[in-house]
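S.K.: I'd like to ask you about the structure that follows.
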Amino acid sequence: GGVQADGEVGGRPVIVAELAGNVMDVDSVMTVDEFISEINAGVRAVSEIEGGAAVLARLDNVLLNYSLAATDRHGGNSLVLGAGEGMLPIDFGRTWYSSEEDFYRYLTRFGSEGGGYFDLVEAIKNAINADALSEEQVRESIESWTFRMREAFLLNWDLIAEDATRLHNSGGLSLGTDDLAGFNALMESHKVMLDTRITHLEEKLDEIVRNLVAA
């Protein structure tokens, strides 16, 4: 399982990102595993996450996992927000572990929505066939994602690295190493991995969209 932290791990400071029910204005937040249990109990319906907006939210979830080269993606590490308003990955203890740089192969290899419980490619095709989603919306969603990721992360990487270095120098727990040179090398390698994946999404956009929407 993951690690719950209140600002310290092993007596050393860490950065804590709060995640609570108010992450979106929704009635419920549950893991994919919990959502599946409620489907099996007849309380929820899989159709809740098959509408156009829900499918695009699921695509955002996979794009984030892919961009951060995350592994350990299973039914306990993705949250279903409300009645399909969003799907949010959690537990990033194994980011930068994936060597797969091709988005479509990452999606099909890792079942990045939670252990493969849901087939995102099939959901996209079904939503398009039902006129709940269009190919252009899929394209625009990926384009918007890459723009936001490049702006939020890569253009601000020096500030992110500065904060992480400050935490490291204060005795905090950062990237599992106490060696500052090793820490800086890790930060740079992570930046390269992120840039490589965002660039792939930008340069292979047409191919990715074709794979996602092909009948």
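A note on labels: chains of the structure tokens are A, B, ... as shown, every chain counts residues from 1, and ligands are counted from 1 in their shown order.
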Near Ala70 in chain A, counting only C-alpha atoms, which residues have an atom at most 6 Å away, once you skip same-chain residues fewer than 4 positions from it, shown as a PyMOL selection string?
M.R.: chain A and resi 65+94-98
S.K.: Store the residues picked out above, limited to N, CA, C and O atoms, as a PDB file, in the first residue's frame.
M.R.:
```pdb
ATOM      1  N   ASN A  65      -0.444   9.597 -15.834  1.00  0.00           N
ATOM      2  CA  ASN A  65       0.376   8.439 -15.476  1.00  0.00           C
ATOM      3  C   ASN A  65       1.511   8.251 -16.477  1.00  0.00           C
ATOM      4  O   ASN A  65       2.663   8.005 -16.099  1.00  0.00           O
ATOM      5  N   ARG A  94       5.869   5.193  -7.365  1.00  0.00           N
ATOM      6  CA  ARG A  94       6.634   4.545  -8.444  1.00  0.00           C
ATOM      7  C   ARG A  94       6.529   5.327  -9.744  1.00  0.00           C
ATOM      8  O   ARG A  94       6.328   4.761 -10.817  1.00  0.00           O
ATOM      9  N   THR A  95       6.640   6.642  -9.628  1.00  0.00           N
ATOM     10  CA  THR A  95       6.798   7.438 -10.837  1.00  0.00           C
ATOM     11  C   THR A  95       8.240   7.307 -11.327  1.00  0.00           C
ATOM     12  O   THR A  95       9.147   6.978 -10.567  1.00  0.00           O
ATOM     13  N   TRP A  96       8.429   7.547 -12.631  1.00  0.00           N
ATOM     14  CA  TRP A  96       9.715   7.464 -13.318  1.00  0.00           C
ATOM     15  C   TRP A  96      10.231   6.030 -13.397  1.00  0.00           C
ATOM     16  O   TRP A  96      11.399   5.807 -13.686  1.00  0.00           O
ATOM     17  N   TYR A  97       9.366   5.047 -13.144  1.00  0.00           N
ATOM     18  CA  TYR A  97       9.779   3.648 -13.207  1.00  0.00           C
ATOM     19  C   TYR A  97       9.561   3.037 -14.591  1.00  0.00           C
ATOM     20  O   TYR A  97      10.186   2.046 -14.933  1.00  0.00           O
ATOM     21  N   SER A  98       8.660   3.600 -15.378  1.00  0.00           N
ATOM     22  CA  SER A  98       8.347   3.017 -16.680  1.00  0.00           C
ATOM     23  C   SER A  98       9.344   3.475 -17.735  1.00  0.00           C
ATOM     24  O   SER A  98       9.625   4.663 -17.876  1.00  0.00           O
TER      25      SER A  98
END
```
S.K.: Range 21-130 of chain A: which residues are helix (DSSP H, G or I) by DSSP, as a PyMOL selection string?
M.R.: chain A and resi 21-23+32-40+46-49+52-67+103-110+120-129
S.K.: For the residues selected in the previous step, produce a file with N, CA and C atoms as a compact mmCIF listing (two decimals), in the first residue's frame.
M.R.:
```txt
# COMPACT_ATOMS: atom_id res chain seq x y z
N GLY A 21 -12.03 14.99 -0.19
CA GLY A 21 -13.26 14.87 -0.94
C GLY A 21 -13.61 16.13 -1.70
N ASN A 22 -13.01 17.25 -1.34
CA ASN A 22 -13.32 18.50 -2.04
C ASN A 22 -12.40 18.75 -3.22
N VAL A 23 -11.70 17.70 -3.67
CA VAL A 23 -10.83 17.86 -4.83
C VAL A 23 -11.66 18.25 -6.05
N VAL A 32 -11.12 2.81 -7.90
CA VAL A 32 -11.69 1.97 -8.95
C VAL A 32 -12.17 0.64 -8.38
N ASP A 33 -11.39 0.05 -7.47
CA ASP A 33 -11.80 -1.20 -6.84
C ASP A 33 -13.15 -1.06 -6.15
N GLU A 34 -13.32 0.06 -5.42
CA GLU A 34 -14.59 0.30 -4.72
C GLU A 34 -15.72 0.52 -5.72
N PHE A 35 -15.41 1.22 -6.80
CA PHE A 35 -16.41 1.47 -7.84
C PHE A 35 -16.86 0.15 -8.46
N ILE A 36 -15.91 -0.73 -8.76
CA ILE A 36 -16.24 -2.04 -9.33
C ILE A 36 -17.12 -2.83 -8.37
N SER A 37 -16.80 -2.77 -7.06
CA SER A 37 -17.61 -3.48 -6.07
C SER A 37 -19.05 -2.98 -6.07
N GLU A 38 -19.22 -1.67 -6.22
CA GLU A 38 -20.57 -1.11 -6.24
C GLU A 38 -21.30 -1.46 -7.54
N ILE A 39 -20.56 -1.60 -8.65
CA ILE A 39 -21.18 -2.08 -9.88
C ILE A 39 -21.68 -3.51 -9.68
N ASN A 40 -20.82 -4.35 -9.11
CA ASN A 40 -21.20 -5.75 -8.88
C ASN A 40 -22.37 -5.88 -7.92
N VAL A 46 -21.59 0.92 -14.87
CA VAL A 46 -20.39 1.26 -15.62
C VAL A 46 -20.68 2.36 -16.63
N SER A 47 -21.96 2.53 -17.00
CA SER A 47 -22.33 3.59 -17.94
C SER A 47 -22.01 4.98 -17.40
N GLU A 48 -21.84 5.10 -16.07
CA GLU A 48 -21.51 6.40 -15.47
C GLU A 48 -20.17 6.92 -15.96
N ILE A 49 -19.28 6.04 -16.37
CA ILE A 49 -17.96 6.48 -16.82
C ILE A 49 -17.76 6.23 -18.32
N GLY A 52 -19.20 11.00 -22.84
CA GLY A 52 -18.09 11.70 -23.48
C GLY A 52 -17.18 12.39 -22.49
N ALA A 53 -17.75 13.17 -21.55
CA ALA A 53 -16.93 13.90 -20.58
C ALA A 53 -16.17 12.95 -19.68
N ALA A 54 -16.82 11.85 -19.28
CA ALA A 54 -16.17 10.88 -18.40
C ALA A 54 -15.02 10.19 -19.11
N VAL A 55 -15.20 9.87 -20.38
CA VAL A 55 -14.14 9.21 -21.15
C VAL A 55 -12.94 10.13 -21.29
N LEU A 56 -13.18 11.42 -21.52
CA LEU A 56 -12.06 12.36 -21.62
C LEU A 56 -11.35 12.51 -20.28
N ALA A 57 -12.10 12.45 -19.18
CA ALA A 57 -11.47 12.49 -17.86
C ALA A 57 -10.59 11.27 -17.64
N ARG A 58 -11.04 10.12 -18.12
CA ARG A 58 -10.24 8.90 -18.02
C ARG A 58 -8.98 9.01 -18.88
N LEU A 59 -9.11 9.64 -20.03
CA LEU A 59 -7.94 9.86 -20.88
C LEU A 59 -6.92 10.77 -20.18
N ASP A 60 -7.40 11.82 -19.51
CA ASP A 60 -6.50 12.69 -18.74
C ASP A 60 -5.74 11.88 -17.68
N ASN A 61 -6.44 10.97 -17.03
CA ASN A 61 -5.83 10.13 -15.99
C ASN A 61 -4.66 9.34 -16.56
N VAL A 62 -4.87 8.72 -17.71
CA VAL A 62 -3.81 7.93 -18.33
C VAL A 62 -2.67 8.82 -18.81
N LEU A 63 -3.00 9.98 -19.35
CA LEU A 63 -1.97 10.91 -19.81
C LEU A 63 -1.05 11.34 -18.67
N LEU A 64 -1.63 11.57 -17.49
CA LEU A 64 -0.80 11.95 -16.35
C LEU A 64 0.10 10.80 -15.93
N ASN A 65 -0.44 9.60 -15.83
CA ASN A 65 0.38 8.44 -15.48
C ASN A 65 1.51 8.25 -16.48
N TYR A 66 1.18 8.36 -17.76
CA TYR A 66 2.19 8.19 -18.81
C TYR A 66 3.27 9.27 -18.72
N SER A 67 2.85 10.53 -18.56
CA SER A 67 3.81 11.64 -18.54
C SER A 67 4.80 11.50 -17.40
N PHE A 103 3.07 6.22 -26.07
CA PHE A 103 1.85 6.36 -25.27
C PHE A 103 0.89 5.20 -25.47
N TYR A 104 0.65 4.82 -26.71
CA TYR A 104 -0.34 3.76 -26.96
C TYR A 104 0.12 2.44 -26.37
N ARG A 105 1.41 2.13 -26.50
CA ARG A 105 1.92 0.89 -25.90
C ARG A 105 1.85 0.97 -24.38
N TYR A 106 2.13 2.16 -23.82
CA TYR A 106 2.00 2.31 -22.37
C TYR A 106 0.58 2.01 -21.93
N LEU A 107 -0.38 2.59 -22.63
CA LEU A 107 -1.79 2.39 -22.29
C LEU A 107 -2.16 0.92 -22.33
N THR A 108 -1.82 0.24 -23.40
CA THR A 108 -2.22 -1.16 -23.54
C THR A 108 -1.39 -2.09 -22.68
N ARG A 109 -0.16 -1.70 -22.36
CA ARG A 109 0.71 -2.57 -21.55
C ARG A 109 0.37 -2.51 -20.08
N PHE A 110 0.14 -1.30 -19.58
CA PHE A 110 -0.03 -1.14 -18.15
C PHE A 110 -1.49 -1.09 -17.70
N LEU A 120 -10.11 1.74 -22.04
CA LEU A 120 -10.27 3.12 -22.48
C LEU A 120 -10.44 3.22 -23.99
N VAL A 121 -9.66 2.45 -24.75
CA VAL A 121 -9.75 2.51 -26.20
C VAL A 121 -11.16 2.11 -26.65
N GLU A 122 -11.68 1.04 -26.09
CA GLU A 122 -13.04 0.62 -26.44
C GLU A 122 -14.06 1.68 -26.04
N ALA A 123 -13.85 2.30 -24.87
CA ALA A 123 -14.78 3.32 -24.40
C ALA A 123 -14.78 4.54 -25.33
N ILE A 124 -13.61 4.93 -25.82
CA ILE A 124 -13.52 6.04 -26.75
C ILE A 124 -14.28 5.72 -28.04
N LYS A 125 -14.04 4.55 -28.58
CA LYS A 125 -14.71 4.16 -29.82
C LYS A 125 -16.22 4.08 -29.63
N ASN A 126 -16.66 3.51 -28.50
CA ASN A 126 -18.10 3.40 -28.25
C ASN A 126 -18.74 4.78 -28.10
N ALA A 127 -18.05 5.69 -27.41
CA ALA A 127 -18.58 7.03 -27.21
C ALA A 127 -18.69 7.78 -28.55
N ILE A 128 -17.71 7.57 -29.43
CA ILE A 128 -17.76 8.20 -30.75
C ILE A 128 -18.91 7.62 -31.58
N ASN A 129 -19.07 6.31 -31.53
CA ASN A 129 -20.16 5.66 -32.28
C ASN A 129 -21.53 6.09 -31.77
```
S.K.: Residues within 12 Å of Glu207 in chain A, please, as a VMD selection string. Count only C-alpha atoms; anything in the same chain fewer than 5 positions from it doesn't count.
M.R.: chain A and resid 102 to 104 139 200 to 202 212 to 214
S.K.: Can you tell me, as a ChimeraX atom specification, what residues are no more than 8 Å from Gly76 in chain A when counting only C-alpha atoms, ignoring any on the same chain fewer than 2 positions away?
M.R.: /A:31-33,73-74,78-79,114
S.K.: Work out how far CA of Glu143 in chain A is from CA of Ser189 in chain A, in Å to one decimal.
M.R.: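 Straight-line distance from CA of Ser189 in chain A to CA of Glu143 in chain A works out to 24.1 Å.
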S.K.: Restricting the calculation to only C-alpha atoms, which member of A:Ala41, A:Leu159, A:Ala152, A:Val29 is positioned closest to Val80 in chain A?
M.R.: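 When distances to Val80 in chain A are compared using only C-alpha atoms, the smallest one comes from A:Val29.
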S.K.: What is the distance between CA of Leu68 in chain A and CA of Ala181 in chain A, in Å to one decimal?
M.R.: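 According to the coordinates, CA of Leu68 in chain A and CA of Ala181 in chain A are separated by 22.0 Å.
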